[in-house]
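Below is the file entry-v1.txt, which contains compact mmCIF, C-alpha atoms.
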# COMPACT_ATOMS: atom_id res chain seq x y z
CA MET A 1 -24.77 -29.01 -27.76
CA GLN A 2 -25.54 -25.39 -28.17
CA LEU A 3 -23.05 -23.20 -30.02
CA HIS A 4 -22.50 -19.68 -28.87
CA PRO A 5 -21.44 -17.02 -31.32
CA ARG A 6 -17.90 -15.65 -30.96
CA PRO A 7 -18.01 -12.30 -29.16
CA GLN A 8 -17.30 -9.38 -31.39
CA MET A 9 -14.55 -6.94 -30.44
CA ASN A 10 -15.52 -3.35 -30.32
CA GLN A 11 -13.59 -0.75 -32.24
CA GLU A 12 -11.55 0.40 -29.22
CA THR A 13 -10.39 -3.12 -28.32
CA ARG A 14 -9.45 -3.86 -31.93
CA LEU A 15 -7.35 -0.71 -32.23
CA LYS A 16 -5.59 -1.44 -28.95
CA LEU A 17 -4.73 -4.98 -30.05
CA GLU A 18 -3.44 -3.79 -33.40
CA ALA A 19 -1.28 -1.18 -31.69
CA GLU A 20 0.25 -3.79 -29.38
CA GLN A 21 0.96 -6.09 -32.31
CA SER A 22 2.65 -3.27 -34.20
CA LEU A 23 4.84 -2.49 -31.16
CA GLU A 24 6.01 -6.09 -30.72
CA PRO A 25 8.64 -5.98 -33.50
CA ARG A 26 9.97 -2.75 -32.01
CA ARG A 27 10.28 -4.35 -28.59
CA LEU A 28 12.16 -7.27 -30.06
CA LYS A 29 14.45 -4.88 -31.90
CA VAL A 30 15.21 -2.96 -28.70
CA LEU A 31 15.90 -6.20 -26.83
CA ASP A 32 18.24 -7.32 -29.60
CA LYS A 33 20.13 -4.03 -29.35
CA MET A 34 20.40 -4.36 -25.58
CA GLU A 35 21.70 -7.90 -25.88
CA ALA A 36 24.23 -6.83 -28.51
CA SER A 37 25.35 -3.96 -26.28
CA GLN A 38 25.82 -6.31 -23.32
CA GLN A 39 27.80 -8.71 -25.49
CA ARG A 40 30.07 -5.87 -26.64
CA ARG A 41 30.56 -4.79 -23.03
CA ARG A 42 31.47 -8.33 -21.98
CA ARG A 43 33.87 -8.57 -24.90
CA LEU A 44 35.52 -5.27 -23.95
CA LEU A 45 35.88 -6.46 -20.36
CA ASP A 46 37.53 -9.64 -21.58
CA GLU A 47 39.87 -7.62 -23.80
CA ARG A 48 41.06 -5.36 -20.97
CA ASP A 49 44.54 -5.86 -19.63
CA ARG A 50 44.63 -8.40 -16.83
CA VAL A 51 46.69 -7.13 -13.93
CA ALA A 52 48.06 -8.71 -10.76
CA ILE A 53 49.37 -6.58 -7.90
CA PHE A 54 52.10 -7.54 -5.43
CA ILE A 55 52.72 -5.26 -2.44
CA ASP A 56 55.75 -5.53 -0.18
CA GLY A 57 54.14 -4.38 3.06
CA ALA A 58 57.36 -3.50 4.88
CA ASN A 59 58.68 -1.50 1.93
CA LEU A 60 55.42 0.43 1.66
CA PHE A 61 55.34 1.04 5.41
CA TYR A 62 58.79 2.63 5.52
CA ALA A 63 58.19 4.59 2.32
CA ALA A 64 54.98 5.99 3.82
CA MET A 65 56.91 6.97 6.95
CA GLN A 66 59.41 8.87 4.81
CA LEU A 67 56.57 10.75 3.11
CA ASN A 68 54.58 11.23 6.33
CA LEU A 69 51.78 9.56 4.41
CA GLU A 70 48.80 7.68 5.79
CA VAL A 71 47.82 5.19 3.11
CA ASP A 72 44.21 4.46 2.22
CA TYR A 73 44.51 0.86 1.04
CA ALA A 74 41.17 0.88 -0.78
CA LYS A 75 42.31 3.92 -2.78
CA LEU A 76 45.69 2.30 -3.35
CA LEU A 77 44.08 -0.78 -4.86
CA ARG A 78 41.90 1.32 -7.17
CA ARG A 79 44.86 3.47 -8.24
CA LEU A 80 47.12 0.53 -9.05
CA THR A 81 44.35 -1.33 -10.89
CA GLY A 82 43.11 1.59 -12.97
CA ASP A 83 40.63 0.52 -15.65
CA ARG A 84 42.21 -2.90 -15.98
CA GLN A 85 40.84 -6.28 -14.95
CA LEU A 86 42.24 -7.22 -11.54
CA ILE A 87 43.22 -10.87 -11.24
CA ARG A 88 44.76 -10.82 -7.75
CA ALA A 89 46.19 -8.33 -5.27
CA TYR A 90 48.70 -9.76 -2.79
CA PHE A 91 49.94 -8.08 0.37
CA TYR A 92 53.08 -9.50 2.00
CA THR A 93 54.10 -8.69 5.54
CA ALA A 94 55.87 -9.98 8.60
CA CYS A 95 53.44 -11.11 11.25
CA ASP A 96 53.46 -10.66 15.00
CA SER A 97 50.68 -12.82 16.40
CA GLY A 98 50.72 -10.85 19.64
CA ASN A 99 50.04 -7.53 17.92
CA GLU A 100 46.27 -7.10 18.04
CA LYS A 101 46.30 -3.91 15.97
CA GLN A 102 48.20 -5.63 13.20
CA GLN A 103 45.88 -8.63 13.27
CA GLY A 104 42.87 -6.34 12.93
CA PHE A 105 44.53 -4.50 10.06
CA LEU A 106 45.33 -7.74 8.21
CA LEU A 107 41.78 -8.98 8.72
CA TRP A 108 40.46 -5.78 7.14
CA MET A 109 42.86 -6.21 4.21
CA SER A 110 41.76 -9.79 3.58
CA ARG A 111 38.13 -8.67 3.49
CA ASN A 112 38.73 -5.76 1.14
CA GLY A 113 40.29 -7.20 -1.97
CA TYR A 114 43.73 -8.35 -0.79
CA ARG A 115 45.24 -11.81 -0.46
CA VAL A 116 47.38 -11.49 2.66
CA VAL A 117 50.60 -13.52 2.84
CA THR A 118 52.37 -13.47 6.21
CA LYS A 119 55.49 -14.88 7.82
CA GLU A 120 56.26 -14.97 11.51
CA LEU A 121 58.97 -12.61 12.73
CA ILE A 122 62.28 -14.26 13.62
CA GLN A 123 64.26 -12.79 16.50
CA PHE A 124 68.03 -12.62 16.03
CA PRO A 125 70.70 -12.78 18.77
CA ASP A 126 71.12 -8.99 18.70
CA GLY A 127 67.45 -8.60 19.62
CA SER A 128 66.26 -7.46 16.19
CA LYS A 129 63.30 -9.11 14.47
CA LYS A 130 62.90 -9.74 10.77
CA ALA A 131 60.98 -11.82 8.25
CA ASN A 132 62.04 -11.89 4.60
CA LEU A 133 59.27 -12.54 2.07
CA ASP A 134 61.26 -11.98 -1.14
CA VAL A 135 61.02 -15.65 -2.10
CA GLU A 136 57.24 -15.70 -1.64
CA ILE A 137 56.82 -12.56 -3.75
CA ALA A 138 59.08 -13.86 -6.53
CA VAL A 139 57.43 -17.30 -6.71
CA ASP A 140 53.90 -15.86 -6.74
CA MET A 141 54.78 -13.34 -9.46
CA LEU A 142 56.33 -16.00 -11.68
CA THR A 143 53.37 -18.34 -11.13
CA LEU A 144 50.69 -15.77 -11.89
CA ALA A 145 52.52 -14.08 -14.77
CA ARG A 146 51.23 -16.66 -17.27
CA ASN A 147 47.66 -15.44 -16.59
CA CYS A 148 48.40 -11.70 -16.69
CA ASP A 149 49.20 -8.95 -19.13
CA THR A 150 50.66 -6.67 -16.47
CA ILE A 151 52.38 -7.19 -13.13
CA VAL A 152 52.44 -4.30 -10.65
CA LEU A 153 55.12 -4.63 -7.98
CA LEU A 154 55.07 -2.19 -5.08
CA SER A 155 58.57 -2.63 -3.73
CA GLY A 156 62.03 -1.17 -4.10
CA ASP A 157 63.92 -4.34 -3.19
CA GLY A 158 66.71 -5.11 -5.66
CA ASP A 159 66.56 -8.80 -4.73
CA LEU A 160 63.40 -9.01 -6.87
CA ALA A 161 65.12 -7.70 -10.01
CA TYR A 162 65.95 -11.17 -11.39
CA ALA A 163 62.35 -12.37 -11.02
CA VAL A 164 61.06 -9.18 -12.66
CA ASN A 165 63.47 -9.63 -15.55
CA SER A 166 62.31 -13.23 -16.04
CA ILE A 167 58.67 -12.09 -16.13
CA ALA A 168 59.51 -9.41 -18.69
CA TYR A 169 61.05 -12.08 -20.95
CA GLN A 170 57.67 -13.85 -20.91
CA GLY A 171 56.13 -10.82 -22.61
CA VAL A 172 54.43 -9.54 -19.46
CA GLN A 173 54.63 -5.83 -18.73
CA VAL A 174 56.03 -4.98 -15.29
CA GLU A 175 55.32 -1.76 -13.40
CA VAL A 176 57.37 -0.98 -10.29
CA VAL A 177 55.91 1.42 -7.73
CA SER A 178 58.01 2.72 -4.86
CA LEU A 179 59.66 5.76 -3.37
CA SER A 180 62.51 6.65 -5.70
CA SER A 181 65.00 7.24 -2.88
CA MET A 182 64.29 3.74 -1.53
CA THR A 183 64.30 1.86 -4.84
CA SER A 184 67.16 -0.23 -6.16
CA GLU A 185 68.49 0.93 -9.53
CA SER A 186 68.72 -2.68 -10.70
CA LEU A 187 64.96 -3.06 -10.16
CA VAL A 188 64.15 0.12 -12.08
CA ASN A 189 66.36 -0.97 -14.98
CA VAL A 190 64.45 -4.21 -15.62
CA ALA A 191 60.95 -2.73 -15.18
CA ASP A 192 58.89 -1.42 -18.10
CA PHE A 193 57.58 1.49 -16.04
CA PHE A 194 58.53 3.07 -12.74
CA ILE A 195 56.02 5.10 -10.70
CA ASP A 196 57.30 7.21 -7.82
CA LEU A 197 55.07 6.79 -4.78
CA GLU A 198 55.36 10.50 -4.07
CA GLU A 199 53.75 11.32 -7.42
CA ILE A 200 50.58 9.39 -6.61
CA ARG A 201 50.28 10.27 -2.91
CA VAL A 202 47.24 12.48 -3.60
CA ASP A 203 45.42 9.47 -5.06
CA ILE A 204 46.20 7.09 -2.20
CA GLU A 205 46.25 9.29 0.91
CA ARG A 206 43.66 8.78 3.60
CA GLU A 207 41.38 11.76 4.17
CA LYS A 208 42.03 13.50 7.46
CA LYS A 209 39.01 14.06 9.69
CA VAL A 210 39.02 16.93 12.16
CA PRO A 211 36.82 16.34 15.24
CA GLU A 212 34.87 19.15 16.89
CA ASN A 213 37.39 19.42 19.75
CA GLY A 214 39.93 20.95 17.36
CA LEU A 215 42.35 18.03 17.52
CA GLU A 216 43.28 16.28 14.32
CA THR A 217 43.99 12.59 14.75
CA ARG A 218 46.63 11.35 12.39
CA GLY A 219 48.11 7.90 12.22
CA GLN A 220 50.48 5.88 10.12
CA THR A 221 48.64 2.77 9.05
CA GLY A 222 50.90 0.04 7.78
CA ALA A 223 51.94 -3.55 8.00
CA PHE A 224 52.75 -3.22 11.69
CA GLY A 225 49.61 -1.53 12.95
CA VAL A 226 48.69 2.09 13.67
CA THR A 227 50.73 4.70 15.51
CA PRO A 228 48.34 7.56 16.33
CA ARG A 229 49.47 11.13 16.80
CA LEU A 230 47.57 14.23 17.87
CA ARG A 231 48.10 17.62 16.30
CA SER A 232 46.20 20.76 17.25
CA THR A 233 44.48 22.50 14.36
CA ASN A 234 44.50 25.73 16.35
CA GLU A 235 47.46 25.74 18.72
CA ALA A 236 46.87 29.30 19.94
CA GLU A 237 43.31 28.46 20.96
CA LEU A 238 44.47 25.24 22.63
CA ASN A 239 47.23 27.01 24.58
CA THR A 240 44.79 29.71 25.72
CA HIS A 241 42.41 27.03 26.93
CA VAL A 242 45.20 25.39 28.93
CA GLU A 243 46.26 28.74 30.48
CA VAL A 244 42.69 29.52 31.55
CA GLN A 245 42.35 26.12 33.18
CA THR A 246 45.66 26.66 35.01
CA VAL A 247 44.59 30.07 36.35
CA ARG A 248 41.28 28.66 37.57
CA ARG A 249 43.00 25.84 39.41
CA GLU A 250 45.47 28.26 41.06
CA GLY A 251 42.58 30.46 42.19
CA GLN A 252 40.77 27.49 43.67
CA ILE A 253 43.89 26.47 45.59
CA ARG A 254 44.37 29.99 47.01
CA ASN A 255 40.71 30.27 48.06
CA SER A 256 40.90 26.96 49.86

The structure given in the file should be rewritten as structure tokens.
Amino acid sequence: MQLHPRPQMNQETRLKLEAEQSLEPRRLKVLDKMEASQQRRRRLLDERDRVAIFIDGANLFYAAMQLNLEVDYAKLLRRLTGDRQLIRAYFYTACDSGNEKQQGFLLWMSRNGYRVVTKELIQFPDGSKKANLDVEIAVDMLTLARNCDTIVLLSGDGDLAYAVNSIAYQGVQVEVVSLSSMTSESLVNVADFFIDLEEIRVDIEREKKVPENGLETRGQTGAFGVTPRLRSTNEAELNTHVEVQTVRREGQIRNS
């Protein structure tokens, strides 16, 4: 067997290898710092307040009508959550299976961070329709309270005051969000904080888009679908356009 001498490294290769070896401890140190930073971040996330959100769809719908407000539900969820850790966000509403607009709206909600809870509308002898979801809201709040630091209730219904008071006795903070003129005083009295919906409308309002034709499409999106309305952004220009069209048609009739 013939032995071959070990190849000798030239000066350049040796210096490069020594430089890499000297950098290795620094790399390990940087990696350790990154790992420590990630661990601190995970710990901070775990230490954040855990929040659960419960939205009375009918109450929000009528409050938005009072404010002439078109709600952006993605913005609403972000505003109510804040920098806290969201456990669940529930949206409760009466359901009309024959209302295609409402079904599409609820499908969007279920795919964008909300757990949708529905109940079929019941028609009464006088022709009115109603579905009460107070029991569902109360039971879900009491069940989830043990896993939360904060409960956010978007409703002004005084029937929920007893459940809110029971949750507060468990050491869970309760925030009530609603339009002040539509909120029961008994509910405000047992809540830790009350937020008037009008005060946060800027944070939750849907941006209005103006098409090129000068008509602004506005709609009230809520638990019962969308009711679109058209408003001219330049009524004088629109009226002039209509008058010109009328004159042209009259001229065509006379010529014929």

ask   = Pick the closest to Asn147 of chain A from A:Ile87, A:Ile200, A:Ala168, A:Leu76: which is it, counting all atoms listed in the file?
value =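 Result for the nearest residue to Asn147 of chain A: A:Ile87.
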
inquiry  = As an exercise, work out the distance from atom CA of Asn189 of chain A to atom CA of Asp159 of chain A in Å and give it to one decimal place.
reply    = 12.9 Å

key: Among listed residues A:Lys130, A:Arg206, A:Gly158, A:Glu199, nearest Thr183 of chain A (using only C-alpha atoms)   =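 Ranked by minimum distance to Thr183 of chain A, first place goes to A:Gly158.
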
query = atom CA of Asn59 of chain A and atom CA of Cys148 of chain A, how far apart in Å?
reply =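 Distance reported for this atom pair: 23.6 Å.
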
task = For segment 140-145 of chain A, work out the shell of residues within 9 Å, counting only C-alpha atoms and skipping chain neighbours fewer than 5 positions away, then give it as a ChimeraX atom specification.
result = /A:52-54,87-88,90,135,150-151,153,163-164,166-167,170,172

query = Between A:Leu133, A:Met182, A:Leu121, A:Leu17, which is the closest to Tyr92 of chain A once you count only C-alpha atoms?
reply =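 Smallest distance to Tyr92 of chain A is found for A:Leu133.
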